[in-house]
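Below is the file structure32.json, which contains JSON, C-alpha atoms.
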[["chain", "number", "residue", "atom", "x", "y", "z"],
["Y", 33, "MET", "CA", 98.44, 93.37, 119.62],
["Y", 34, "THR", "CA", 96.32, 95.99, 117.91],
["Y", 35, "ILE", "CA", 96.03, 96.00, 114.12],
["Y", 36, "ALA", "CA", 95.29, 98.84, 111.72],
["Y", 37, "VAL", "CA", 94.18, 98.35, 108.12],
["Y", 38, "ILE", "CA", 95.68, 101.03, 105.86],
["Y", 39, "MET", "CA", 93.88, 101.41, 102.52],
["Y", 40, "PRO", "CA", 95.09, 103.78, 99.78],
["Y", 41, "VAL", "CA", 92.31, 104.76, 97.38],
["Y", 42, "LEU", "CA", 92.03, 106.61, 94.07],
["Y", 43, "ASN", "CA", 88.83, 106.59, 92.03],
["Y", 44, "GLU", "CA", 87.55, 103.32, 93.51],
["Y", 45, "SER", "CA", 83.85, 104.21, 93.81],
["Y", 46, "ARG", "CA", 82.67, 101.12, 91.95],
["Y", 47, "CYS", "CA", 84.05, 98.68, 94.53],
["Y", 48, "LEU", "CA", 84.86, 100.68, 97.67],
["Y", 49, "ALA", "CA", 81.51, 100.37, 99.46],
["Y", 50, "HIS", "CA", 81.59, 96.59, 99.17],
["Y", 51, "ILE", "CA", 85.19, 96.39, 100.42],
["Y", 52, "LEU", "CA", 84.61, 98.74, 103.36],
["Y", 53, "ALA", "CA", 81.38, 97.00, 104.40],
["Y", 54, "HIS", "CA", 83.26, 93.70, 104.52],
["Y", 55, "THR", "CA", 86.40, 95.07, 106.22],
["Y", 56, "GLN", "CA", 84.27, 96.80, 108.84],
["Y", 57, "THR", "CA", 83.04, 93.44, 110.13],
["Y", 58, "LEU", "CA", 86.47, 91.85, 110.69],
["Y", 59, "GLY", "CA", 87.29, 93.26, 114.12],
["Y", 60, "PHE", "CA", 90.35, 95.38, 113.34],
["Y", 61, "ASP", "CA", 91.22, 98.14, 115.76],
["Y", 62, "GLU", "CA", 91.54, 100.84, 113.09],
["Y", 63, "VAL", "CA", 90.66, 101.21, 109.43],
["Y", 64, "ILE", "CA", 92.37, 104.20, 107.81],
["Y", 65, "ILE", "CA", 91.42, 105.13, 104.25],
["Y", 66, "VAL", "CA", 93.83, 107.50, 102.49],
["Y", 67, "ASP", "CA", 92.50, 109.23, 99.38],
["Y", 68, "GLY", "CA", 94.98, 110.45, 96.79],
["Y", 69, "GLY", "CA", 92.71, 113.02, 95.17],
["Y", 70, "SER", "CA", 89.87, 110.99, 93.67],
["Y", 71, "SER", "CA", 87.69, 112.68, 91.03],
["Y", 72, "ASP", "CA", 84.72, 110.33, 91.55],
["Y", 73, "ASP", "CA", 82.64, 109.55, 94.68],
["Y", 74, "THR", "CA", 85.40, 107.61, 96.46],
["Y", 75, "PHE", "CA", 86.03, 110.22, 99.16],
["Y", 76, "SER", "CA", 82.34, 110.73, 99.99],
["Y", 77, "ILE", "CA", 81.73, 106.95, 100.15],
["Y", 78, "ALA", "CA", 84.64, 106.55, 102.56],
["Y", 79, "GLN", "CA", 83.46, 109.47, 104.69],
["Y", 80, "SER", "CA", 79.97, 107.98, 104.88],
["Y", 81, "PHE", "CA", 81.33, 104.68, 106.20],
["Y", 82, "ALA", "CA", 83.59, 106.46, 108.69],
["Y", 83, "LYS", "CA", 80.68, 108.52, 110.00],
["Y", 84, "GLN", "CA", 78.49, 105.43, 110.30],
["Y", 85, "CYS", "CA", 81.25, 103.62, 112.20],
["Y", 86, "GLY", "CA", 81.62, 106.56, 114.56],
["Y", 87, "THR", "CA", 77.93, 106.59, 115.48],
["Y", 88, "ASP", "CA", 77.47, 102.81, 115.80],
["Y", 89, "PRO", "CA", 77.05, 102.02, 119.52],
["Y", 90, "LEU", "CA", 78.34, 98.46, 119.02],
["Y", 91, "PRO", "CA", 80.80, 98.58, 116.12],
["Y", 92, "ALA", "CA", 82.18, 95.29, 114.84],
["Y", 93, "SER", "CA", 85.52, 97.02, 114.33],
["Y", 94, "GLY", "CA", 87.30, 99.94, 115.96],
["Y", 95, "SER", "CA", 87.62, 103.41, 114.49],
["Y", 96, "MET", "CA", 87.46, 104.27, 110.80],
["Y", 97, "ARG", "CA", 89.03, 107.45, 109.46],
["Y", 98, "VAL", "CA", 89.47, 109.08, 106.08],
["Y", 99, "LEU", "CA", 92.64, 111.05, 105.31],
["Y", 100, "THR", "CA", 94.04, 112.72, 102.22],
["Y", 101, "ALA", "CA", 97.58, 112.60, 100.87],
["Y", 102, "PRO", "CA", 99.44, 113.51, 97.69],
["Y", 103, "ARG", "CA", 98.70, 110.99, 94.95],
["Y", 104, "GLY", "CA", 100.97, 107.98, 94.96],
["Y", 105, "ARG", "CA", 100.44, 104.66, 96.69],
["Y", 106, "ALA", "CA", 103.68, 104.88, 98.72],
["Y", 107, "ARG", "CA", 102.83, 108.37, 99.97],
["Y", 108, "GLN", "CA", 99.28, 107.37, 100.83],
["Y", 109, "LEU", "CA", 100.43, 104.25, 102.68],
["Y", 110, "ASN", "CA", 103.00, 106.22, 104.66],
["Y", 111, "THR", "CA", 100.41, 108.85, 105.56],
["Y", 112, "GLY", "CA", 98.04, 106.19, 106.87],
["Y", 113, "ALA", "CA", 100.76, 104.45, 108.83],
["Y", 114, "ALA", "CA", 101.88, 107.72, 110.45],
["Y", 115, "ALA", "CA", 98.30, 108.38, 111.61],
["Y", 116, "SER", "CA", 97.93, 104.99, 113.28],
["Y", 117, "ALA", "CA", 98.88, 104.07, 116.83],
["Y", 118, "CYS", "CA", 98.46, 100.31, 116.35],
["Y", 119, "ASP", "CA", 101.12, 97.66, 116.87],
["Y", 120, "VAL", "CA", 100.65, 96.07, 113.45],
["Y", 121, "LEU", "CA", 99.95, 97.67, 110.06],
["Y", 122, "LEU", "CA", 98.10, 95.74, 107.34],
["Y", 123, "PHE", "CA", 98.18, 97.33, 103.89],
["Y", 124, "LEU", "CA", 95.09, 96.56, 101.84],
["Y", 125, "HIS", "CA", 94.22, 97.45, 98.25],
["Y", 126, "ALA", "CA", 90.80, 98.98, 97.67],
["Y", 127, "ASP", "CA", 89.71, 96.12, 95.39],
["Y", 128, "THR", "CA", 90.71, 93.29, 97.75],
["Y", 129, "LEU", "CA", 88.66, 91.31, 100.27],
["Y", 130, "LEU", "CA", 90.34, 89.90, 103.35],
["Y", 131, "PRO", "CA", 89.32, 86.47, 104.63],
["Y", 132, "SER", "CA", 86.91, 86.38, 107.56],
["Y", 133, "ASN", "CA", 89.68, 85.12, 109.88],
["Y", 134, "ALA", "CA", 92.21, 87.74, 108.78],
["Y", 135, "ARG", "CA", 92.75, 89.32, 112.18],
["Y", 136, "ARG", "CA", 93.28, 85.99, 113.91],
["Y", 137, "ALA", "CA", 95.59, 84.83, 111.10],
["Y", 138, "VAL", "CA", 97.81, 87.90, 111.48],
["Y", 139, "LEU", "CA", 97.93, 87.58, 115.27],
["Y", 140, "THR", "CA", 98.84, 83.90, 115.01],
["Y", 141, "ALA", "CA", 101.56, 84.66, 112.46],
["Y", 142, "LEU", "CA", 103.10, 87.31, 114.70],
["Y", 143, "SER", "CA", 102.85, 85.23, 117.85],
["Y", 144, "ASN", "CA", 106.31, 84.13, 116.77],
["Y", 145, "ALA", "CA", 108.37, 86.99, 118.20],
["Y", 146, "ALA", "CA", 110.98, 86.59, 115.46],
["Y", 147, "ALA", "CA", 108.49, 87.22, 112.62],
["Y", 148, "VAL", "CA", 108.57, 90.82, 111.38],
["Y", 149, "GLY", "CA", 105.58, 90.60, 109.05],
["Y", 150, "GLY", "CA", 104.00, 88.58, 106.30],
["Y", 151, "ARG", "CA", 101.41, 88.36, 103.57],
["Y", 152, "PHE", "CA", 98.38, 86.33, 102.45],
["Y", 153, "ASN", "CA", 97.92, 84.09, 99.47],
["Y", 154, "VAL", "CA", 95.94, 85.72, 96.67],
["Y", 155, "ARG", "CA", 93.00, 84.49, 94.62],
["Y", 156, "PHE", "CA", 91.25, 86.40, 91.84],
["Y", 157, "ASP", "CA", 87.51, 87.04, 91.73],
["Y", 158, "SER", "CA", 87.24, 85.12, 88.46],
["Y", 159, "SER", "CA", 86.59, 81.47, 87.68],
["Y", 160, "ARG", "CA", 88.68, 81.61, 84.50],
["Y", 161, "LEU", "CA", 91.49, 79.09, 84.27],
["Y", 162, "THR", "CA", 93.90, 81.92, 83.49],
["Y", 163, "ALA", "CA", 93.02, 83.63, 86.78],
["Y", 164, "ARG", "CA", 93.69, 80.46, 88.76],
["Y", 165, "ILE", "CA", 97.02, 79.90, 87.01],
["Y", 166, "VAL", "CA", 98.19, 83.49, 87.52],
["Y", 167, "SER", "CA", 97.28, 83.55, 91.21],
["Y", 168, "SER", "CA", 98.95, 80.18, 91.79],
["Y", 169, "LEU", "CA", 102.14, 81.40, 90.14],
["Y", 170, "MET", "CA", 102.06, 84.60, 92.21],
["Y", 171, "ASN", "CA", 101.76, 82.63, 95.42],
["Y", 172, "VAL", "CA", 104.50, 80.16, 94.54],
["Y", 173, "ARG", "CA", 106.86, 82.93, 93.40],
["Y", 174, "SER", "CA", 106.20, 84.92, 96.56],
["Y", 175, "ARG", "CA", 106.75, 81.94, 98.86],
["Y", 176, "TRP", "CA", 109.98, 81.05, 97.07],
["Y", 177, "SER", "CA", 111.42, 84.57, 96.86],
["Y", 178, "GLY", "CA", 110.09, 86.12, 100.04],
["Y", 179, "ILE", "CA", 108.86, 89.09, 97.96],
["Y", 180, "ALA", "CA", 105.19, 90.05, 98.07],
["Y", 181, "THR", "CA", 102.99, 92.42, 96.09],
["Y", 182, "GLY", "CA", 100.35, 94.76, 97.45],
["Y", 183, "ASP", "CA", 97.63, 92.43, 96.15],
["Y", 184, "GLN", "CA", 98.65, 89.99, 98.89],
["Y", 185, "ALA", "CA", 97.78, 92.29, 101.82],
["Y", 186, "ILE", "CA", 101.23, 92.78, 103.34],
["Y", 187, "PHE", "CA", 101.38, 93.23, 107.12],
["Y", 188, "VAL", "CA", 104.26, 94.36, 109.34],
["Y", 189, "ARG", "CA", 105.04, 95.20, 112.93],
["Y", 190, "ARG", "CA", 104.81, 98.97, 113.37],
["Y", 191, "ALA", "CA", 108.21, 99.23, 115.08],
["Y", 192, "VAL", "CA", 109.86, 97.42, 112.16],
["Y", 193, "PHE", "CA", 108.04, 99.64, 109.63],
["Y", 194, "GLU", "CA", 109.29, 102.77, 111.38],
["Y", 195, "THR", "CA", 112.85, 101.47, 111.63],
["Y", 196, "MET", "CA", 112.79, 100.80, 107.89],
["Y", 197, "GLY", "CA", 111.54, 104.30, 107.13],
["Y", 198, "GLY", "CA", 108.29, 103.06, 105.62],
["Y", 199, "PHE", "CA", 107.70, 102.77, 101.88],
["Y", 200, "ALA", "CA", 110.19, 104.36, 99.52],
["Y", 201, "ASP", "CA", 108.76, 107.42, 97.76],
["Y", 202, "ILE", "CA", 108.72, 105.87, 94.30],
["Y", 203, "PRO", "CA", 105.84, 105.87, 91.78],
["Y", 204, "LEU", "CA", 105.63, 102.06, 91.46],
["Y", 205, "MET", "CA", 107.24, 98.87, 92.74],
["Y", 206, "GLU", "CA", 106.90, 100.28, 96.27],
["Y", 207, "ASP", "CA", 105.61, 96.88, 97.43],
["Y", 208, "ILE", "CA", 108.49, 94.96, 95.83],
["Y", 209, "ASP", "CA", 111.03, 97.39, 97.27],
["Y", 210, "PHE", "CA", 109.42, 97.27, 100.71],
["Y", 211, "THR", "CA", 109.24, 93.50, 101.05],
["Y", 212, "ARG", "CA", 112.74, 93.11, 99.64],
["Y", 213, "ARG", "CA", 114.00, 95.32, 102.49],
["Y", 214, "LEU", "CA", 111.59, 93.82, 105.02],
["Y", 215, "LYS", "CA", 112.82, 90.25, 104.61],
["Y", 216, "ARG", "CA", 116.35, 91.41, 105.48],
["Y", 217, "THR", "CA", 115.12, 92.44, 108.93],
["Y", 218, "GLY", "CA", 113.69, 89.03, 109.88],
["Y", 219, "PRO", "CA", 111.42, 86.13, 108.88],
["Y", 220, "LEU", "CA", 108.23, 86.78, 106.91],
["Y", 221, "VAL", "CA", 105.17, 84.56, 107.30],
["Y", 222, "SER", "CA", 103.52, 83.35, 104.07],
["Y", 223, "LEU", "CA", 99.93, 82.66, 105.09],
["Y", 224, "SER", "CA", 97.91, 80.10, 103.16],
["Y", 225, "ASP", "CA", 94.71, 82.05, 103.96],
["Y", 226, "GLU", "CA", 93.49, 83.80, 100.82],
["Y", 227, "VAL", "CA", 92.57, 87.36, 99.98],
["Y", 228, "VAL", "CA", 90.30, 87.80, 96.96],
["Y", 229, "THR", "CA", 91.28, 90.56, 94.56],
["Y", 230, "ALA", "CA", 89.91, 91.93, 91.31],
["Y", 231, "PHE", "CA", 90.96, 90.39, 87.99],
["Y", 232, "ARG", "CA", 89.78, 93.49, 86.11],
["Y", 233, "ARG", "CA", 93.09, 94.89, 84.88],
["Y", 234, "TRP", "CA", 94.12, 91.47, 83.57],
["Y", 235, "GLU", "CA", 90.81, 91.13, 81.71],
["Y", 236, "GLN", "CA", 90.93, 94.66, 80.30],
["Y", 237, "GLN", "CA", 94.38, 94.32, 78.75],
["Y", 238, "GLY", "CA", 94.37, 90.57, 78.18],
["Y", 239, "PRO", "CA", 96.01, 88.16, 80.64],
["Y", 240, "LEU", "CA", 99.00, 87.22, 78.46],
["Y", 241, "ARG", "CA", 99.82, 90.80, 77.55],
["Y", 242, "THR", "CA", 99.52, 91.90, 81.18],
["Y", 243, "ILE", "CA", 101.71, 89.05, 82.45],
["Y", 244, "LEU", "CA", 104.44, 89.81, 79.90],
["Y", 245, "LEU", "CA", 104.39, 93.51, 80.65],
["Y", 246, "MET", "CA", 104.45, 93.02, 84.43],
["Y", 247, "TRP", "CA", 107.31, 90.54, 84.24],
["Y", 248, "THR", "CA", 109.21, 92.89, 81.93],
["Y", 249, "LEU", "CA", 108.73, 95.80, 84.32],
["Y", 250, "ARG", "CA", 109.89, 93.75, 87.30],
["Y", 251, "PHE", "CA", 112.93, 92.50, 85.40],
["Y", 252, "LEU", "CA", 113.87, 96.04, 84.42],
["Y", 253, "TYR", "CA", 113.41, 97.18, 88.01],
["Y", 254, "TRP", "CA", 115.50, 94.24, 89.23],
["Y", 255, "ILE", "CA", 118.42, 95.17, 86.95],
["Y", 256, "GLY", "CA", 118.31, 98.75, 88.20],
["Y", 257, "VAL", "CA", 116.06, 100.79, 85.91],
["Y", 258, "ASN", "CA", 114.65, 103.75, 87.84],
["Y", 259, "PRO", "CA", 110.94, 103.31, 88.75],
["Y", 260, "HIS", "CA", 110.26, 106.85, 87.49],
["Y", 261, "ARG", "CA", 111.30, 105.71, 84.01],
["Y", 262, "LEU", "CA", 109.02, 102.66, 84.24],
["Y", 263, "GLN", "CA", 105.96, 104.62, 85.39],
["Y", 264, "HIS", "CA", 104.65, 105.32, 81.87],
["Y", 265, "PHE", "CA", 104.59, 101.63, 80.94],
["Y", 266, "TYR", "CA", 102.98, 100.62, 84.22],
["Y", 267, "SER", "CA", 100.05, 102.97, 83.54],
["Y", 268, "MET", "CA", 99.18, 100.73, 80.60],
["Y", 269, "VAL", "CA", 97.98, 97.99, 82.97],
["Y", 270, "ARG", "CA", 96.28, 100.15, 85.61]]
Is it possible to give me this structure as C-alpha coordinates?
Amino acid sequence: MTIAVIMPVLNESRCLAHILAHTQTLGFDEVIIVDGGSSDDTFSIAQSFAKQCGTDPLPASGSMRVLTAPRGRARQLNTGAAASACDVLLFLHADTLLPSNARRAVLTALSNAAAVGGRFNVRFDSSRLTARIVSSLMNVRSRWSGIATGDQAIFVRRAVFETMGGFADIPLMEDIDFTRRLKRTGPLVSLSDEVVTAFRRWEQQGPLRTILLMWTLRFLYWIGVNPHRLQHFYSMVR
(Lines of atoms letter the chains of each structure in order from A and count residues from 1; the text may use other names and numbers.)
(Lines give C-alpha, C1' and ligand atoms only; values in the text may rest on other atoms or scores of the structure.)
Protein backbone atom coordinates (compact mmCIF):
# COMPACT_ATOMS: atom_id res chain seq x y z
CA MET A 1 0.00 0.00 0.00
CA THR A 2 1.10 3.55 -0.71
CA ILE A 3 0.65 6.22 1.97
CA ALA A 4 0.25 9.98 1.64
CA VAL A 5 0.75 12.43 4.49
CA ILE A 6 -1.74 15.32 4.25
CA MET A 7 -0.73 18.37 6.29
CA PRO A 8 -2.95 21.47 6.60
CA VAL A 9 -0.98 24.59 7.52
CA LEU A 10 -1.77 28.15 8.55
CA ASN A 11 0.90 30.48 9.91
CA GLU A 12 3.17 27.66 11.13
CA SER A 13 6.54 29.16 10.17
CA ARG A 14 8.04 28.70 13.63
CA CYS A 15 7.77 24.91 13.57
CA LEU A 16 7.13 23.86 9.96
CA ALA A 17 10.73 23.44 8.80
CA HIS A 18 11.47 21.08 11.69
CA ILE A 19 8.32 19.03 11.05
CA LEU A 20 8.89 18.77 7.29
CA ALA A 21 12.57 17.85 7.68
CA HIS A 22 11.56 15.01 9.98
CA THR A 23 8.57 13.84 7.92
CA GLN A 24 10.69 13.85 4.77
CA THR A 25 12.89 11.08 6.19
CA LEU A 26 10.09 8.62 7.02
CA GLY A 27 9.63 6.98 3.63
CA PHE A 28 6.07 8.02 2.77
CA ASP A 29 5.06 7.97 -0.86
CA GLU A 30 3.63 11.50 -0.87
CA VAL A 31 3.69 14.50 1.44
CA ILE A 32 1.06 17.09 0.53
CA ILE A 33 1.07 20.42 2.37
CA VAL A 34 -2.10 22.49 2.01
CA ASP A 35 -1.82 26.16 2.95
CA GLY A 36 -4.96 28.00 4.01
CA GLY A 37 -3.69 31.51 3.27
CA SER A 38 -0.80 32.01 5.68
CA SER A 39 0.39 35.58 6.29
CA ASP A 40 3.87 34.54 7.48
CA ASP A 41 6.62 32.50 5.75
CA THR A 42 4.77 29.17 5.95
CA PHE A 43 4.09 28.90 2.22
CA SER A 44 7.64 29.77 1.15
CA ILE A 45 9.13 27.31 3.69
CA ALA A 46 6.90 24.54 2.35
CA GLN A 47 7.76 25.40 -1.25
CA SER A 48 11.46 25.31 -0.44
CA PHE A 49 11.18 21.79 0.99
CA ALA A 50 9.08 20.61 -1.96
CA LYS A 51 11.63 21.98 -4.43
CA GLN A 52 14.49 20.35 -2.53
CA CYS A 53 12.63 17.02 -2.51
CA GLY A 54 12.05 17.27 -6.25
CA THR A 55 15.74 17.77 -7.03
CA ASP A 56 17.10 15.16 -4.61
CA PRO A 57 18.40 12.22 -6.70
CA LEU A 58 17.90 9.79 -3.79
CA PRO A 59 14.97 11.12 -1.75
CA ALA A 60 14.18 9.37 1.52
CA SER A 61 10.49 9.89 0.76
CA GLY A 62 8.42 10.20 -2.40
CA SER A 63 7.04 13.43 -3.79
CA MET A 64 6.29 16.56 -1.79
CA ARG A 65 3.81 19.14 -3.03
CA VAL A 66 2.37 22.40 -1.78
CA LEU A 67 -1.25 23.30 -2.52
CA THR A 68 -3.56 26.11 -1.47
CA ALA A 69 -7.17 25.90 -0.32
CA PRO A 70 -9.76 28.12 1.35
CA ARG A 71 -8.98 28.51 5.04
CA GLY A 72 -10.45 25.81 7.23
CA ARG A 73 -8.85 22.57 8.33
CA ALA A 74 -11.60 20.37 6.84
CA ARG A 75 -11.37 22.12 3.46
CA GLN A 76 -7.59 21.92 3.45
CA LEU A 77 -7.61 18.23 4.37
CA ASN A 78 -10.15 17.43 1.66
CA THR A 79 -8.12 19.35 -0.91
CA GLY A 80 -4.99 17.39 -0.04
CA ALA A 81 -6.82 14.07 -0.11
CA ALA A 82 -8.33 14.83 -3.53
CA ALA A 83 -4.85 15.55 -4.92
CA SER A 84 -3.39 12.25 -3.73
CA ALA A 85 -3.42 8.94 -5.57
CA CYS A 86 -2.24 6.87 -2.59
CA ASP A 87 -4.06 3.95 -1.00
CA VAL A 88 -3.89 5.35 2.53
CA LEU A 89 -4.24 8.93 3.78
CA LEU A 90 -2.54 10.04 7.01
CA PHE A 91 -3.64 13.43 8.33
CA LEU A 92 -0.89 15.23 10.23
CA HIS A 93 -0.95 18.53 12.12
CA ALA A 94 1.85 20.96 11.35
CA ASP A 95 3.12 20.92 14.95
CA THR A 96 3.26 17.13 15.30
CA LEU A 97 6.16 14.69 14.85
CA LEU A 98 5.46 11.15 13.71
CA PRO A 99 7.47 8.29 15.20
CA SER A 100 10.34 6.95 13.11
CA ASN A 101 8.43 3.70 12.44
CA ALA A 102 5.21 5.46 11.45
CA ARG A 103 4.97 4.04 7.94
CA ARG A 104 5.55 0.47 9.09
CA ALA A 105 3.09 0.92 11.96
CA VAL A 106 0.33 2.06 9.60
CA LEU A 107 1.00 -0.76 7.14
CA THR A 108 0.94 -3.32 9.95
CA ALA A 109 -2.31 -1.89 11.31
CA LEU A 110 -3.97 -2.10 7.90
CA SER A 111 -2.66 -5.56 7.13
CA ASN A 112 -5.91 -6.58 8.78
CA ALA A 113 -8.26 -6.26 5.81
CA ALA A 114 -11.18 -5.43 8.11
CA ALA A 115 -9.49 -2.35 9.60
CA VAL A 116 -10.63 0.89 7.94
CA GLY A 117 -8.17 3.22 9.65
CA GLY A 118 -6.71 4.21 12.98
CA ARG A 119 -4.70 6.68 14.99
CA PHE A 120 -1.55 6.98 17.12
CA ASN A 121 -1.16 7.65 20.79
CA VAL A 122 -0.18 11.23 21.56
CA ARG A 123 2.52 12.68 23.79
CA PHE A 124 3.23 16.37 24.36
CA ASP A 125 6.63 17.98 23.88
CA SER A 126 6.71 19.00 27.53
CA SER A 127 8.03 17.29 30.64
CA ARG A 128 5.40 18.92 32.86
CA LEU A 129 3.26 16.55 34.89
CA THR A 130 0.16 18.26 33.52
CA ALA A 131 1.22 17.43 29.96
CA ARG A 132 1.70 13.76 30.81
CA ILE A 133 -1.68 13.58 32.55
CA VAL A 134 -3.53 15.30 29.69
CA SER A 135 -1.98 13.09 27.00
CA SER A 136 -2.69 9.95 29.02
CA LEU A 137 -6.33 10.94 29.43
CA MET A 138 -6.60 11.70 25.70
CA ASN A 139 -5.25 8.29 24.80
CA VAL A 140 -7.47 6.42 27.26
CA ARG A 141 -10.57 8.34 26.19
CA SER A 142 -9.80 7.72 22.52
CA ARG A 143 -9.20 4.00 23.01
CA TRP A 144 -12.42 3.66 25.01
CA SER A 145 -14.65 5.74 22.72
CA GLY A 146 -13.13 5.01 19.33
CA ILE A 147 -13.04 8.77 18.68
CA ALA A 148 -9.74 10.43 17.80
CA THR A 149 -8.56 14.02 17.46
CA GLY A 150 -6.33 15.45 14.77
CA ASP A 151 -3.44 15.58 17.25
CA GLN A 152 -3.33 11.77 17.07
CA ALA A 153 -2.48 11.58 13.34
CA ILE A 154 -5.60 9.85 12.02
CA PHE A 155 -5.13 7.54 9.04
CA VAL A 156 -7.72 5.93 6.76
CA ARG A 157 -7.99 3.82 3.64
CA ARG A 158 -8.55 6.11 0.67
CA ALA A 159 -11.53 4.11 -0.62
CA VAL A 160 -13.24 4.40 2.77
CA PHE A 161 -12.50 8.14 2.94
CA GLU A 162 -14.09 8.68 -0.47
CA THR A 163 -17.13 6.57 0.38
CA MET A 164 -17.63 8.69 3.51
CA GLY A 165 -17.39 11.92 1.53
CA GLY A 166 -14.29 13.09 3.38
CA PHE A 167 -14.36 15.61 6.21
CA ALA A 168 -17.55 17.54 6.84
CA ASP A 169 -17.23 21.22 5.88
CA ILE A 170 -17.49 22.55 9.43
CA PRO A 171 -15.21 25.11 11.12
CA LEU A 172 -14.19 22.85 14.02
CA MET A 173 -14.74 19.36 15.42
CA GLU A 174 -14.08 18.00 11.92
CA ASP A 175 -11.84 15.32 13.45
CA ILE A 176 -14.45 14.27 16.03
CA ASP A 177 -17.17 14.16 13.38
CA PHE A 178 -14.94 12.21 10.97
CA THR A 179 -13.84 9.51 13.39
CA ARG A 180 -17.36 9.17 14.76
CA ARG A 181 -18.53 8.34 11.23
CA LEU A 182 -15.41 6.32 10.42
CA LYS A 183 -15.84 3.85 13.26
CA ARG A 184 -19.30 2.99 11.94
CA THR A 185 -17.72 1.69 8.73
CA GLY A 186 -15.39 -0.81 10.43
CA PRO A 187 -12.74 -1.40 13.11
CA LEU A 188 -10.22 1.32 13.95
CA VAL A 189 -6.70 0.48 15.15
CA SER A 190 -5.46 2.36 18.24
CA LEU A 191 -1.69 2.27 17.89
CA SER A 192 0.47 2.47 21.00
CA ASP A 193 3.22 4.18 18.95
CA GLU A 194 3.39 7.85 19.91
CA VAL A 195 3.29 11.08 17.96
CA VAL A 196 4.77 14.11 19.72
CA THR A 197 2.75 17.30 19.50
CA ALA A 198 3.12 20.83 20.80
CA PHE A 199 1.85 21.75 24.26
CA ARG A 200 1.91 25.45 23.37
CA ARG A 201 -1.80 26.24 23.36
CA TRP A 202 -2.24 24.54 26.73
CA GLU A 203 0.64 26.56 28.18
CA GLN A 204 -0.56 29.85 26.70
CA GLN A 205 -4.07 29.65 28.14
CA GLY A 206 -3.30 27.53 31.18
CA PRO A 207 -3.84 23.75 31.20
CA LEU A 208 -6.88 23.71 33.49
CA ARG A 209 -8.66 26.49 31.64
CA THR A 210 -7.95 24.85 28.28
CA ILE A 211 -9.14 21.43 29.46
CA LEU A 212 -12.40 22.85 30.82
CA LEU A 213 -13.07 24.84 27.67
CA MET A 214 -12.30 21.92 25.35
CA TRP A 215 -14.49 19.54 27.32
CA THR A 216 -17.29 22.12 27.36
CA LEU A 217 -17.05 22.59 23.59
CA ARG A 218 -17.12 18.84 22.97
CA PHE A 219 -20.08 18.39 25.29
CA LEU A 220 -21.99 21.15 23.52
CA TYR A 221 -21.14 19.61 20.16
CA TRP A 222 -22.22 16.19 21.42
CA ILE A 223 -25.65 17.50 22.48
CA GLY A 224 -26.14 19.08 19.06
CA VAL A 225 -24.90 22.67 19.18
CA ASN A 226 -23.88 23.76 15.67
CA PRO A 227 -20.06 23.95 15.23
CA HIS A 228 -20.47 27.38 13.61
CA ARG A 229 -21.85 28.67 16.91
CA LEU A 230 -18.93 27.15 18.82
CA GLN A 231 -16.24 28.60 16.53
CA HIS A 232 -15.82 31.85 18.49
CA PHE A 233 -15.09 30.02 21.74
CA TYR A 234 -12.69 27.59 20.08
CA SER A 235 -10.58 30.50 18.82
CA MET A 236 -9.78 31.26 22.45
CA VAL A 237 -7.55 28.16 22.67
CA ARG A 238 -5.93 28.33 19.23
Among the residues Y:Asp225, Y:Glu44, Y:Glu194, Y:Asp127, the one that comes closest to Y:Gly150 [using all atoms listed in the file]: Y:Asp225
Counting all atoms listed in the file, what is within 10 Å of Y:Thr211, bar same-chain residues fewer than 6 positions away, as a VMD selection string? chain Y and resid 149 to 151 178 to 182 186 to 188 199 217 220
Interatomic distance (Å, one decimal) between atom CA of Y:Arg175 and atom CA of Y:Ser222: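 Value for the atom CA of Y:Arg175-atom CA of Y:Ser222 distance: 6.3 Å.
Separating atom CA of Y:Phe60 from atom CA of Y:Thr34 is a distance of 7.5 Å.
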Measuring atom to atom with all atoms listed in the file, identify which of Y:Leu214, Y:Ile77, Y:Ile64, Y:Val227 is nearest to Y:Leu121.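 When distances to Y:Leu121 are compared using all atoms listed in the file, the smallest one comes from Y:Ile64.
Residues lying within 10 Å of Y:Val66, counting only C-alpha atoms and ignoring same-chain neighbours fewer than 2 positions away, are Ile38, Met39, Pro40, Val41, Leu42, Val63, Ile64, Gly68, Gly69, Phe75, Ala78, Arg97, Val98, Leu99, Thr100, Ala101, Pro102, Arg103, Arg105, Arg107, Gln108, Leu109, Asn110, Thr111, Gly112 and Ala113 of chain Y.
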Using all atoms listed in the file for the distances, tell me which of Y:Leu122, Y:Met96, Y:Ala141, Y:Ala230 is nearest to Y:Gln56. Y:Met96
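Atom to atom, atom CA of Y:Glu62 and atom CA of Y:Val138 stand 14.5 Å apart.
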Using all atoms listed in the file, the shortest atom-to-atom distance to Y:Asp67 among Y:Gly104, Y:Phe81, Y:Ile35, Y:Leu249 belongs to Y:Gly104
So that I can check the surroundings of Y:Arg155, please list as a ChimeraX atom specification every protein, DNA and RNA residue that reaches within 12 Å of it, counting all atoms listed in the file and ignoring chain neighbours fewer than 3 positions away. /Y:128-131,152,158-171,183-185,224-231
Let me make sure I understand: among Y:Ala146, Y:Ala117, Y:Ala137, Y:Leu245, which one has the smallest atom-to-atom distance to Y:Leu58 if we use all atoms listed in the file? Y:Ala137
Best match for closeness to Y:His54 among Y:Ala82, Y:Leu124, Y:Cys118, Y:Ser132, counting only C-alpha atoms: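 Of the candidates, the smallest distance to Y:His54 is held by Y:Ser132.
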Long-range neighbours of Y:Ser45 as a VMD selection string, 8 Å cut-off, only C-alpha atoms, 4 positions minimum in chain: chain Y and resid 49 72 to 74 77
